[in-house]
Every structure is written in structure tokens, then in C-alpha cells.
Amino acid sequence: MRVVPQSLLLCALAAPGTIFNVAAQGEAPLMLEEVIVTAQKRTESLSDIPITVNVISGEVLGEYGGLSFTDLSSLTSGLSISGSAFDTDIATRGLGTFLNAPIAPRVTTYLDGTFIAQSRNLFSGLFDLQQLELLRGPQGTLYGKSSPAGAITIRSANPSLQQVDGYFRQTFTDQDGSNSQFGVSLPLVENQLGIRISGLYDSNENSDVHNRTLNKDVETETTAYRVVMLWEPTDAFNFRLSWHDIADDADTDPVVEGKGIDFDDRIAMADFDSTYENRAEFLILETNYTFANDWMATLSYSNQDSSIDRYFDQDATEVQAREQHVPSPTEDKMYELRLASQGNDFWDWTVGGFYSDSDSTTRVDATTYVFDARIPGTTVRADTSSIANLTSETWALFTHNSIHASENGTVTLGLRYNDVERDQEQPFATSAYLLLPTGDVLVSYSETDGVLPEVQELSHDALTGTLKYQHRLNESFMAYGSFDVGWRDGSANIAGNPEPPVFGAFDSEDSGNLELGFKWELWEGRGMFNFAAYYQIYTDFHYQAEGVAFREEGGTVALASPVVNVDEAESWGFDSDFALLVNEHWNLTAALSYNNTEFTDAEDIPCTTDDDIGQELWSFNTCDLTGERAGGLPEWSSNVATEYWGGVESISGEWYLRGLLNAESEYYSPTYREDLDNYLTMDLYVGLRSADRNWDVNLWVKNLTDESARLKDRALPDIPDYENSVMVSSPYVEILRQLPPRTLGVTFNYNFGS
């Protein structure tokens, strides 16, 4: 089979939650469309690759009202995406990474073939996309960053080289929401050169959060543009250039629970506006050249500039206690060159190299108000400033080989050498003032190394890769087994205030994953069942120890959430999905995932306990977490999607009814070491569209029953009691993630030129 470049890919509809087109016309048999993926950097049928992959097309994302990156969670079981600003998390198979630190993610993201260093830039909005693929399990060979849990690849829409075409989509919601999207292709040289221009404007109050202290509702606004140029002067050469511009302005007032406030009241109590501004520009190039012997050379390059400005209330209360301002510009450059054979009878191979360099300067200005027991009745204000200078270089060499050992059996062997060099420092300067009626009096000044000198320069390297065997028992059934090695490099912890020096840095994490699975075509192509069971063991596991109480300068107690190494953790479970065309007007998909993730060797891990904290500077308590859950995600996750449609002859159209059901078992709080909530939600869509799908209008409701669930929380630090001049425990818990409220909407879509 000839392998074509990714930029030429015309994706099919696929995966749980996706509406499958019917391949039946007249007397033709009823069949699911073939699903095409690029998980192994080649265009291949999903049923032929020994990897667990879920696919969502841009069309289906629009049909299910996918307005943000977090909406992907509801279309795929076992995938959890949370956060909309600085603190973000993408997780699958029970584990993710709370990306509020310079730490390599467990689930990496790729846009138009390049690794995205700051994945939070993708959270604000999804528009004019061709296809998204979720690859589960370690990705240790072909992708720019080795990832132990999985990867998400996103491909923006290509321009048409034949005709002017495009679309316009408008959505309104009952939460003062408006989402406008467009895309238009302009062929400049027929069949050779074209551009596509697309954009997004979104403004909403979809979180339904109200700041009671300031008497205001939380709002978000996103403006984004994209230009894609595609040049194909010959069959052997193509050149694709995409430019992405993203601007986010959001209120991030933290939701709290306590003092008579329940989490599903969606109340914030912060005494000033917590805001988040993000500006990002990506330039991504990909070019392919096919030699006369059918070898293909691929060069990709990206330049990623982003700037985050975050001003937030650390204590999340109505009193003046802790506040922080964090402006953080970053620049990342990525290069990849690979050479691959195509369509060989015995051995298909890929060799290549990857290089990236990253540079960020994060300034942290923090202000803390406390009562010092040594000076009764007097308020102390501590002003802390720091600049975290972080640079890193990553390079890798890799090879990926598929050996067709027999007519029905294929061995895949991939190997990658990874090398990461990091330079990182964060010196703190803290000035403490007594606040007196006559004015502020400086009483102390101190300087602290946030990153100890011995770990300011880190070097990590590792071998990762894959060994797979797949065997096709017959035309409809393929089974496979694989062993994959994942890895993440270590780094320094970057904090807003000085923390215990032992929290300064953490070592790299290794993992090995054993997976057995099959892909089974049912009922002569009308159905498909995919299943994979896995067992993964982690060494020096990266664990974010949430809300660790420690003794800071001045004798007060503060909270830290450092990443620390845990000796060993394991993760095991299964992923499964099923699709069926019941008849020519009705389709059904379902997915079920189970994951059990726990610590198997986790002694002396920093934590908060009921025991008193030592009086010495930087004292904190530890726990033995062996046998406890290593992540906060649910063990069970499932979804069911279905659509039924019929004809409306008078307008040459179709009516349809679409439903999406999601259910998950209890989430877990690492902060409080207790179960949180489970949930069951239903989304319904009813609409009318033309038979040729050129126009579509639908009314929808998400979370029909207005189900509420607390999914992630965080402890808050002590705050000053100004009336009694003492420090007291916070009366609140911060709610980091909960189910979105019931949302009603209407979407209009018009396609032209196709």
C-alpha cells in the first residue's frame, strides 16, 4: 500500500462517540467507513495497527457541540481533560500531569505534526480541524517527546486546491455564550497551491461561577486565527505551512466550598479579580519529498511563542491574605527530520532525528499578609519576588521498523535515544514589613535559592521504544501484543514562594507497559469491537504531593505542591470500544475503560497529617502511601453515543436525534486521601439538515439533568483573622474541577463550495 504524506490525509469518521457514515447506497451492503490514522507516522487503516487509538473528526466535534479542548473528555472514555487556564491536566489510563510546573507531560500533544510545548494553548478553543487521534499507552519511538501514558495528535484542515469552499458555524448558549467559527479555502494555482483562512471568536459565562465578594460573574473570551498554505507542485513534493494565533482573556476566580457554600453553588470568594491572559503564536512547517525509489524524506519545524500573564488570589477568600502575579513568556523551537521506506513487501523502516530548545523567563511576585506570634497584634506583609530562568535542549535519534514475518504476521521494533539538558534557577528575594499606623517598616530581608546549586544543571538520557507482534487470524480479526518503554525527564520545581530545599528538583521517571489486544470486524463490516488490556509499572514515579503543610520563615505554616519521586507505582486495566450500524438510519457506539493505579512502594512521601509540624524552618510531615491510589481519576469510565435520522422530502433534508451518555465512577482526592463523586450525564441534540449536509441547525442540551459532581479539590493555606490578630485555618476548600452546569444551546452551520 502506498504511503502518502500526512498533509494529504483525508480522514474518515471514527471512534466511540462518532457518527459513522453509511456506505450503503441502493443494493450496496451496509458497512462502517474505513478509519484512516497516522499513529505510526504513516497513513494506515485503524484495524491494521497494533496500537489503541481513538479518532474524532473535526466534523463530529462540531456535531457534538465541542467548543473547547475539555469537551473531548465526553467523546472518549478513559480520557480526562481539565483546566482552562494556567493549571491544566490531560490524563488517560488513570494518570496525567497537573501542568503548573516545568514538567514533561504524561500525555503529550501534537499539532500539525509538531510537539506543542505549552499544551494549555490548545485548551481555549477547537476550530476548523480535520482529525484528532488519541494514542493510548507509552509513545516511545516516533514522537518528539517520549510519553508514558499517551499522546493526542491534532491536524488542522487542509485548503482545497480545486475550488473555493468553507463553512460558517454559530453557536449561542444560555450562559451568555457566543461561539463563532469560520473557514474558507482559496485555490491560488489550481491543483497546486492554495490557502485556508479560519478563525474563532468565543465569549461566554459557561462555568456559571459568581464571585460573591465582588458581585460579578466569571467570563472568558478567546480570539484565534489560522492560515494554512499547501503547495503540491508535483506528486513527489509537498510543502505545508500553518500559522496559528491565539488570544485568551479569562476570569479565573477560584470556586470554594465551606462556610455554608456548597461546591455546586459555583461561588468564588476572592477579594480581587483573578485573571489570566494568554497570547500564543505558532509557525509550523512540514514538507515531504518522495524519491524515485519511493523513500520519503520529511522535514518539520515549528516556532512557538507564548506569553502568560496570571494574577490570582492564592488563598481564594474574601480577606487579604496571599496574592500572586506571574508573567511568563516562553519560546520553543522544534526540528525533526526522518526518512522512511514505503510499501516494501518484507521490511518497512523509518529513521530520524529530533531536536528542540526551550527558553522561558517566569517572574513571580507574591504578597503575603500574616500575624507573627512573636510580635502580637502587628500585621506583617512579606513581598517576595523571583525570576525563574529555565532553558532546555532535547535531542533524539530514532528508528521504527515493521517486519512482515509472514503473510499474516508482522513484528514492529522501535528504538529511540533521548537526551535532555536543563539549566534552571529561581533565586528568591523576600522583604518583610511591619504595617504600622505611621507607615511600613522593613524588619527583614532574605535571599533564597529556590533551586539548589547542585541541581541547577540537570542532564538526563534514556532509551525508549516498542516491540510488537500482530497477527491477522482472518480478514476480520487481528490480535496483537506489545511491550513499550516510556520515560519522562526530571526537572526543578518552580514555586511562588520559598519552599523546603528538598523540594527543589526531582529525577526522571521510567515505565514499562505490556499490552494485549485485538480488533474484530463484525457482521460483514456493520460492526467493530476493539479491546486492549495493559499492565504498566513506573519507577521513580512523578507524584505531585498536593497541599503539603510546611514551616516557613517567620514560623507560619504554608502549603506547597511539589513534584516528588515515588519509588514504584503500577497501572493496569483495559480499554474497549464498540460500533454498530443498526440499520441505514441508526448507528450506535459505546466504550468502556477500567484502570487501577496505585503506589506499590511509596514510603516517606511529603504530605499533610494530623500530627504537629516541627518548629524548625522547612519542617514538614511524611506518609507511607503504599497501597493507595496514585492518581485522582476514576477506575471506571464509559460512554454511549447514538444517532437516528429520517428524511424530510419537502425540503430535501433530514431530521435527526442524537444522544450522548457519559458515566464515571468515583474520583479521588490526593489532598485529602478520600473518594470524591461519581456521575452520570446525558446530552441530547435534535436538528434538521440538508441531505447533502450543506446546512444544519440543531438545538441541544448538555448535562440534561444538571448533575453535579466534585472531581478535584485543593487545600488552602492559613489566613489572617484581622479581628483577633491571629492566623487561622482557611474555612474553604478550593474546587479545581467539577461538572459543568446544564447548558442549553443552538448551533447553525453552513458549508459552501463542497
# chains A, B, ... in the order shown; residues from 1 in each chain; ligands from 1
$ residues_around --residues "range 707-710 of chain A" --least-positions-apart "4" --cutoff "6 Å" --atoms "only C-alpha atoms" --output "list in words"
Asp677, Gln738 and Leu739 of chain A
$ closest_atom_pairs --of "range 348-379 of chain A" --to "range 389-413 of chain A" --cutoff "9 Å" --atoms "only C-alpha atoms" --output "JSON lines"
{"residue": "A:Asp348", "atom": "CA", "partner": "A:Ser402", "partner_atom": "CA", "distance": 5.1}
{"residue": "A:Trp349", "atom": "CA", "partner": "A:Asn401", "partner_atom": "CA", "distance": 4.3}
{"residue": "A:Thr350", "atom": "CA", "partner": "A:His400", "partner_atom": "CA", "distance": 5.0}
{"residue": "A:Val351", "atom": "CA", "partner": "A:Thr399", "partner_atom": "CA", "distance": 4.3}
{"residue": "A:Gly352", "atom": "CA", "partner": "A:Phe398", "partner_atom": "CA", "distance": 5.4}
{"residue": "A:Gly353", "atom": "CA", "partner": "A:Leu397", "partner_atom": "CA", "distance": 4.5}
{"residue": "A:Phe354", "atom": "CA", "partner": "A:Ala396", "partner_atom": "CA", "distance": 5.0}
{"residue": "A:Tyr355", "atom": "CA", "partner": "A:Trp395", "partner_atom": "CA", "distance": 4.2}
{"residue": "A:Ser356", "atom": "CA", "partner": "A:Thr394", "partner_atom": "CA", "distance": 5.1}
{"residue": "A:Asp357", "atom": "CA", "partner": "A:Glu393", "partner_atom": "CA", "distance": 4.4}
{"residue": "A:Ser358", "atom": "CA", "partner": "A:Ser392", "partner_atom": "CA", "distance": 5.2}
{"residue": "A:Asp359", "atom": "CA", "partner": "A:Thr391", "partner_atom": "CA", "distance": 4.5}
{"residue": "A:Ser360", "atom": "CA", "partner": "A:Leu390", "partner_atom": "CA", "distance": 5.3}
{"residue": "A:Thr361", "atom": "CA", "partner": "A:Asn389", "partner_atom": "CA", "distance": 4.8}
{"residue": "A:Thr362", "atom": "CA", "partner": "A:Asn389", "partner_atom": "CA", "distance": 6.6}
{"residue": "A:Arg363", "atom": "CA", "partner": "A:Asn389", "partner_atom": "CA", "distance": 8.6}
$ select_by_dssp --residues "range 163-287 of chain A" --states "strand (DSSP E)" --output "count of residues only"
86
$ residues_around --residues "range 273-281 of chain A" --least-positions-apart "2" --cutoff "9 Å" --atoms "only C-alpha atoms" --output "PyMOL selection string"
chain A and resi 85-86+121+211+214+243-254+270-271+283+303-313
$ write_last_selection --atoms "N, CA, C and O atoms" --output "compact mmCIF listing (two decimals), in the first residue's frame"
# COMPACT_ATOMS: atom_id res chain seq x y z
N ALA A 85 -6.97 27.28 32.00
CA ALA A 85 -6.03 28.39 32.08
C ALA A 85 -4.65 27.86 32.42
O ALA A 85 -4.13 26.99 31.75
N PHE A 86 -4.03 28.37 33.49
CA PHE A 86 -2.65 28.03 33.81
C PHE A 86 -2.51 26.58 34.25
O PHE A 86 -1.60 25.87 33.82
N ASN A 121 -2.18 26.07 25.59
CA ASN A 121 -2.58 26.94 24.49
C ASN A 121 -3.65 26.31 23.60
O ASN A 121 -4.26 26.99 22.79
N ASN A 211 -18.67 35.50 41.61
CA ASN A 211 -17.84 35.97 42.71
C ASN A 211 -18.72 36.79 43.65
O ASN A 211 -19.14 37.90 43.32
N LEU A 214 -17.09 40.22 45.05
CA LEU A 214 -17.04 41.32 44.08
C LEU A 214 -18.35 41.50 43.34
O LEU A 214 -18.48 42.44 42.54
N TRP A 243 0.09 28.87 10.31
CA TRP A 243 0.33 29.92 11.31
C TRP A 243 -0.91 30.01 12.20
O TRP A 243 -2.04 30.09 11.70
N HIS A 244 -0.67 29.96 13.50
CA HIS A 244 -1.77 29.94 14.47
C HIS A 244 -1.59 31.10 15.44
O HIS A 244 -0.50 31.30 15.99
N ASP A 245 -2.65 31.86 15.66
CA ASP A 245 -2.62 32.99 16.59
C ASP A 245 -3.77 32.81 17.59
O ASP A 245 -4.92 32.64 17.19
N ILE A 246 -3.44 32.82 18.88
CA ILE A 246 -4.43 32.55 19.93
C ILE A 246 -4.34 33.63 21.00
O ILE A 246 -3.23 33.98 21.44
N ALA A 247 -5.48 34.17 21.41
CA ALA A 247 -5.52 35.16 22.49
C ALA A 247 -6.65 34.80 23.44
O ALA A 247 -7.81 34.67 23.01
N ASP A 248 -6.32 34.63 24.72
CA ASP A 248 -7.32 34.29 25.74
C ASP A 248 -7.32 35.37 26.82
O ASP A 248 -6.25 35.81 27.27
N ASP A 249 -8.50 35.77 27.23
CA ASP A 249 -8.68 36.64 28.39
C ASP A 249 -9.77 36.01 29.24
O ASP A 249 -10.90 35.87 28.79
N ALA A 250 -9.40 35.64 30.47
CA ALA A 250 -10.35 34.89 31.29
C ALA A 250 -10.31 35.34 32.74
O ALA A 250 -9.25 35.70 33.27
N ASP A 251 -11.49 35.34 33.37
CA ASP A 251 -11.56 35.43 34.83
C ASP A 251 -11.32 34.03 35.38
O ASP A 251 -11.87 33.05 34.88
N THR A 252 -10.49 33.93 36.41
CA THR A 252 -10.18 32.62 36.99
C THR A 252 -10.44 32.62 38.49
O THR A 252 -9.71 31.98 39.25
N ASP A 253 -11.47 33.33 38.93
CA ASP A 253 -11.79 33.38 40.35
C ASP A 253 -12.06 31.96 40.86
O ASP A 253 -12.91 31.25 40.32
N PRO A 254 -11.34 31.50 41.88
CA PRO A 254 -11.44 30.10 42.32
C PRO A 254 -12.76 29.80 43.04
O PRO A 254 -13.18 30.53 43.94
N ALA A 270 -12.96 35.30 46.25
CA ALA A 270 -11.71 36.06 46.15
C ALA A 270 -11.98 37.55 46.28
O ALA A 270 -12.98 38.07 45.77
N ASP A 271 -11.05 38.24 46.97
CA ASP A 271 -11.27 39.66 47.26
C ASP A 271 -10.78 40.57 46.14
O ASP A 271 -10.86 41.79 46.25
N LEU A 283 4.22 28.90 14.40
CA LEU A 283 4.53 28.76 12.99
C LEU A 283 5.00 27.32 12.79
O LEU A 283 5.99 26.90 13.40
N ASN A 303 8.09 27.08 15.37
CA ASN A 303 8.50 28.12 16.31
C ASN A 303 7.27 28.50 17.12
O ASN A 303 6.24 28.89 16.56
N GLN A 304 7.37 28.35 18.44
CA GLN A 304 6.22 28.57 19.31
C GLN A 304 6.54 29.66 20.32
O GLN A 304 7.39 29.48 21.19
N ASP A 305 5.85 30.78 20.19
CA ASP A 305 5.98 31.89 21.13
C ASP A 305 4.69 32.01 21.92
O ASP A 305 3.60 32.10 21.33
N SER A 306 4.79 32.03 23.23
CA SER A 306 3.60 32.23 24.05
C SER A 306 3.95 33.07 25.26
O SER A 306 5.09 33.09 25.72
N SER A 307 2.96 33.77 25.75
CA SER A 307 3.15 34.63 26.91
C SER A 307 1.91 34.54 27.79
O SER A 307 0.79 34.77 27.32
N ILE A 308 2.13 34.18 29.04
CA ILE A 308 1.04 34.05 30.00
C ILE A 308 1.20 35.11 31.08
O ILE A 308 2.30 35.33 31.59
N ASP A 309 0.12 35.77 31.41
CA ASP A 309 0.12 36.75 32.49
C ASP A 309 -1.02 36.38 33.44
O ASP A 309 -2.19 36.51 33.11
N ARG A 310 -0.64 35.92 34.64
CA ARG A 310 -1.62 35.41 35.59
C ARG A 310 -1.55 36.20 36.88
O ARG A 310 -0.48 36.37 37.47
N TYR A 311 -2.69 36.70 37.33
CA TYR A 311 -2.80 37.43 38.59
C TYR A 311 -3.93 36.77 39.37
O TYR A 311 -5.07 36.74 38.92
N PHE A 312 -3.60 36.19 40.53
CA PHE A 312 -4.62 35.38 41.18
C PHE A 312 -4.53 35.43 42.70
O PHE A 312 -3.48 35.75 43.27
N ASP A 313 -5.65 35.08 43.30
CA ASP A 313 -5.81 35.07 44.75
C ASP A 313 -5.47 33.67 45.25
O ASP A 313 -6.24 32.73 45.10
$ residues_around --residues "Thr448 in chain A" --least-positions-apart "5" --cutoff "7 Å" --atoms "only C-alpha atoms" --output "PDB file with N, CA, C and O atoms, in the first residue's frame"
ATOM      1  N   PRO A 427      16.165  32.318  42.059  1.00  0.00           N
ATOM      2  CA  PRO A 427      16.507  32.987  43.315  1.00  0.00           C
ATOM      3  C   PRO A 427      15.326  33.823  43.826  1.00  0.00           C
ATOM      4  O   PRO A 427      14.652  34.506  43.066  1.00  0.00           O
ATOM      5  N   PHE A 428      15.073  33.715  45.137  1.00  0.00           N
ATOM      6  CA  PHE A 428      14.008  34.480  45.789  1.00  0.00           C
ATOM      7  C   PHE A 428      14.609  35.625  46.602  1.00  0.00           C
ATOM      8  O   PHE A 428      15.661  35.466  47.228  1.00  0.00           O
ATOM      9  N   ALA A 429      13.904  36.742  46.605  1.00  0.00           N
ATOM     10  CA  ALA A 429      14.228  37.858  47.494  1.00  0.00           C
ATOM     11  C   ALA A 429      12.956  38.241  48.233  1.00  0.00           C
ATOM     12  O   ALA A 429      11.926  38.528  47.605  1.00  0.00           O
ATOM     13  N   PRO A 498       9.393  30.764  48.632  1.00  0.00           N
ATOM     14  CA  PRO A 498      10.403  29.790  49.052  1.00  0.00           C
ATOM     15  C   PRO A 498       9.756  28.572  49.714  1.00  0.00           C
ATOM     16  O   PRO A 498       8.802  28.697  50.484  1.00  0.00           O
TER      17      PRO A 498
END
$ atom_distance --atom1 "CA of Asn565 in chain A" --atom2 "CA of Ser508 in chain A"
8.3 Å
$ atom_distance --atom1 "CA of Leu161 in chain A" --atom2 "CA of Phe69 in chain A"
29.0 Å
$ residues_around --residues "Gly481 in chain A" --least-positions-apart "3" --cutoff "10 Å" --atoms "only C-alpha atoms" --output "short mmCIF file (atom, residue, chain, number, x, y, z; two decimals) with N, CA, C and O atoms, in the first residue's frame"
data_model
loop_
_atom_site.label_atom_id
_atom_site.label_comp_id
_atom_site.auth_asym_id
_atom_site.auth_seq_id
_atom_site.Cartn_x
_atom_site.Cartn_y
_atom_site.Cartn_z
N PRO A 50 -1.18 -2.10 15.57
CA PRO A 50 -1.19 -2.70 16.92
C PRO A 50 -1.08 -1.65 18.02
O PRO A 50 -0.21 -1.71 18.89
N ILE A 51 -1.96 -0.68 17.99
CA ILE A 51 -1.99 0.41 18.97
C ILE A 51 -3.45 0.69 19.30
O ILE A 51 -4.31 0.60 18.42
N VAL A 411 6.13 -8.06 12.82
CA VAL A 411 6.88 -7.65 14.01
C VAL A 411 7.26 -6.19 13.85
O VAL A 411 7.77 -5.78 12.80
N LEU A 467 8.26 -2.99 21.14
CA LEU A 467 8.36 -4.29 20.48
C LEU A 467 6.94 -4.84 20.39
O LEU A 467 6.29 -5.06 21.42
N LYS A 468 6.46 -5.05 19.17
CA LYS A 468 5.09 -5.50 18.96
C LYS A 468 5.05 -6.69 18.00
O LYS A 468 5.90 -6.80 17.11
N TYR A 469 4.05 -7.53 18.20
CA TYR A 469 3.75 -8.56 17.21
C TYR A 469 2.25 -8.57 16.98
O TYR A 469 1.46 -8.59 17.93
N GLN A 470 1.86 -8.51 15.72
CA GLN A 470 0.44 -8.56 15.36
C GLN A 470 0.22 -9.71 14.40
O GLN A 470 1.07 -10.02 13.56
N HIS A 471 -0.95 -10.34 14.53
CA HIS A 471 -1.26 -11.50 13.68
C HIS A 471 -2.72 -11.42 13.25
O HIS A 471 -3.61 -11.25 14.09
N LEU A 514 3.08 -3.57 29.24
CA LEU A 514 2.74 -4.78 28.49
C LEU A 514 1.28 -4.69 28.09
O LEU A 514 0.41 -4.43 28.93
N GLU A 515 0.99 -4.89 26.80
CA GLU A 515 -0.38 -4.73 26.30
C GLU A 515 -0.74 -5.87 25.37
O GLU A 515 0.06 -6.29 24.53
N LEU A 516 -1.96 -6.39 25.53
CA LEU A 516 -2.52 -7.42 24.65
C LEU A 516 -3.87 -6.92 24.16
O LEU A 516 -4.69 -6.44 24.96
N GLY A 517 -4.11 -7.02 22.86
CA GLY A 517 -5.37 -6.50 22.34
C GLY A 517 -5.79 -7.17 21.06
O GLY A 517 -5.05 -7.96 20.46
N PHE A 518 -7.01 -6.83 20.63
CA PHE A 518 -7.49 -7.32 19.34
C PHE A 518 -8.44 -6.30 18.73
O PHE A 518 -9.01 -5.45 19.43
N ALA A 532 -8.22 -3.80 24.48
CA ALA A 532 -6.81 -3.87 24.86
C ALA A 532 -6.71 -3.92 26.37
O ALA A 532 -7.33 -3.10 27.07
N ALA A 533 -5.95 -4.87 26.90
CA ALA A 533 -5.64 -4.95 28.33
C ALA A 533 -4.16 -4.62 28.51
O ALA A 533 -3.32 -4.98 27.67
N TYR A 534 -3.82 -3.95 29.61
CA TYR A 534 -2.45 -3.49 29.80
C TYR A 534 -2.03 -3.59 31.26
O TYR A 534 -2.86 -3.60 32.18
#
$ atom_distance --atom1 "CA of Thr609 in chain A" --atom2 "CA of Thr368 in chain A"
23.8 Å
$ decode --residues "range 435-457 of chain A" --atoms "N, CA and C atoms" --output "JSON list (two decimals), in the first residue's frame"
[["chain", "number", "residue", "atom", "x", "y", "z"],
["A", 435, "LEU", "N", 3.36, 46.55, 59.37],
["A", 435, "LEU", "CA", 2.39, 47.55, 58.93],
["A", 435, "LEU", "C", 1.91, 48.32, 60.14],
["A", 436, "LEU", "N", 2.42, 49.52, 60.31],
["A", 436, "LEU", "CA", 2.11, 50.37, 61.45],
["A", 436, "LEU", "C", 1.32, 51.58, 61.00],
["A", 437, "PRO", "N", 0.56, 52.20, 61.94],
["A", 437, "PRO", "CA", -0.19, 53.40, 61.56],
["A", 437, "PRO", "C", 0.69, 54.50, 61.01],
["A", 438, "THR", "N", 1.94, 54.52, 61.43],
["A", 438, "THR", "CA", 2.86, 55.57, 60.97],
["A", 438, "THR", "C", 3.52, 55.22, 59.64],
["A", 439, "GLY", "N", 3.30, 54.01, 59.16],
["A", 439, "GLY", "CA", 3.90, 53.60, 57.90],
["A", 439, "GLY", "C", 4.51, 52.21, 57.97],
["A", 440, "ASP", "N", 4.92, 51.70, 56.84],
["A", 440, "ASP", "CA", 5.51, 50.38, 56.77],
["A", 440, "ASP", "C", 6.98, 50.43, 57.18],
["A", 441, "VAL", "N", 7.38, 49.45, 58.01],
["A", 441, "VAL", "CA", 8.75, 49.40, 58.50],
["A", 441, "VAL", "C", 9.38, 48.09, 58.06],
["A", 442, "LEU", "N", 10.50, 48.17, 57.33],
["A", 442, "LEU", "CA", 11.22, 46.98, 56.90],
["A", 442, "LEU", "C", 11.89, 46.34, 58.11],
["A", 443, "VAL", "N", 11.56, 45.06, 58.36],
["A", 443, "VAL", "CA", 12.13, 44.38, 59.53],
["A", 443, "VAL", "C", 13.07, 43.25, 59.13],
["A", 444, "SER", "N", 12.99, 42.75, 57.90],
["A", 444, "SER", "CA", 13.91, 41.70, 57.49],
["A", 444, "SER", "C", 13.98, 41.64, 55.97],
["A", 445, "TYR", "N", 15.11, 41.12, 55.53],
["A", 445, "TYR", "CA", 15.31, 40.90, 54.10],
["A", 445, "TYR", "C", 16.11, 39.62, 53.95],
["A", 446, "SER", "N", 15.68, 38.73, 53.06],
["A", 446, "SER", "CA", 16.39, 37.46, 52.89],
["A", 446, "SER", "C", 16.41, 37.07, 51.43],
["A", 447, "GLU", "N", 17.42, 36.30, 51.07],
["A", 447, "GLU", "CA", 17.54, 35.75, 49.74],
["A", 447, "GLU", "C", 17.66, 34.24, 49.84],
["A", 448, "THR", "N", 16.97, 33.54, 48.95],
["A", 448, "THR", "CA", 16.94, 32.07, 48.99],
["A", 448, "THR", "C", 17.07, 31.52, 47.59],
["A", 449, "ASP", "N", 17.82, 30.44, 47.46],
["A", 449, "ASP", "CA", 17.86, 29.72, 46.18],
["A", 449, "ASP", "C", 16.68, 28.77, 46.11],
["A", 450, "GLY", "N", 15.74, 29.03, 45.19],
["A", 450, "GLY", "CA", 14.63, 28.11, 45.02],
["A", 450, "GLY", "C", 15.07, 26.79, 44.43],
["A", 451, "VAL", "N", 16.10, 26.83, 43.62],
["A", 451, "VAL", "CA", 16.69, 25.62, 43.05],
["A", 451, "VAL", "C", 18.13, 25.55, 43.56],
["A", 452, "LEU", "N", 18.44, 24.52, 44.30],
["A", 452, "LEU", "CA", 19.77, 24.40, 44.88],
["A", 452, "LEU", "C", 20.83, 24.36, 43.78],
["A", 453, "PRO", "N", 22.03, 24.91, 44.08],
["A", 453, "PRO", "CA", 23.08, 24.97, 43.05],
["A", 453, "PRO", "C", 23.40, 23.62, 42.43],
["A", 454, "GLU", "N", 23.35, 22.54, 43.22],
["A", 454, "GLU", "CA", 23.74, 21.24, 42.69],
["A", 454, "GLU", "C", 22.75, 20.66, 41.69],
["A", 455, "VAL", "N", 21.53, 21.22, 41.60],
["A", 455, "VAL", "CA", 20.55, 20.72, 40.63],
["A", 455, "VAL", "C", 20.14, 21.81, 39.63],
["A", 456, "GLN", "N", 20.89, 22.88, 39.57],
["A", 456, "GLN", "CA", 20.57, 23.93, 38.60],
["A", 456, "GLN", "C", 20.91, 23.51, 37.18],
["A", 457, "GLU", "N", 21.81, 22.54, 37.04],
["A", 457, "GLU", "CA", 22.10, 21.97, 35.73],
["A", 457, "GLU", "C", 21.82, 20.47, 35.81]]
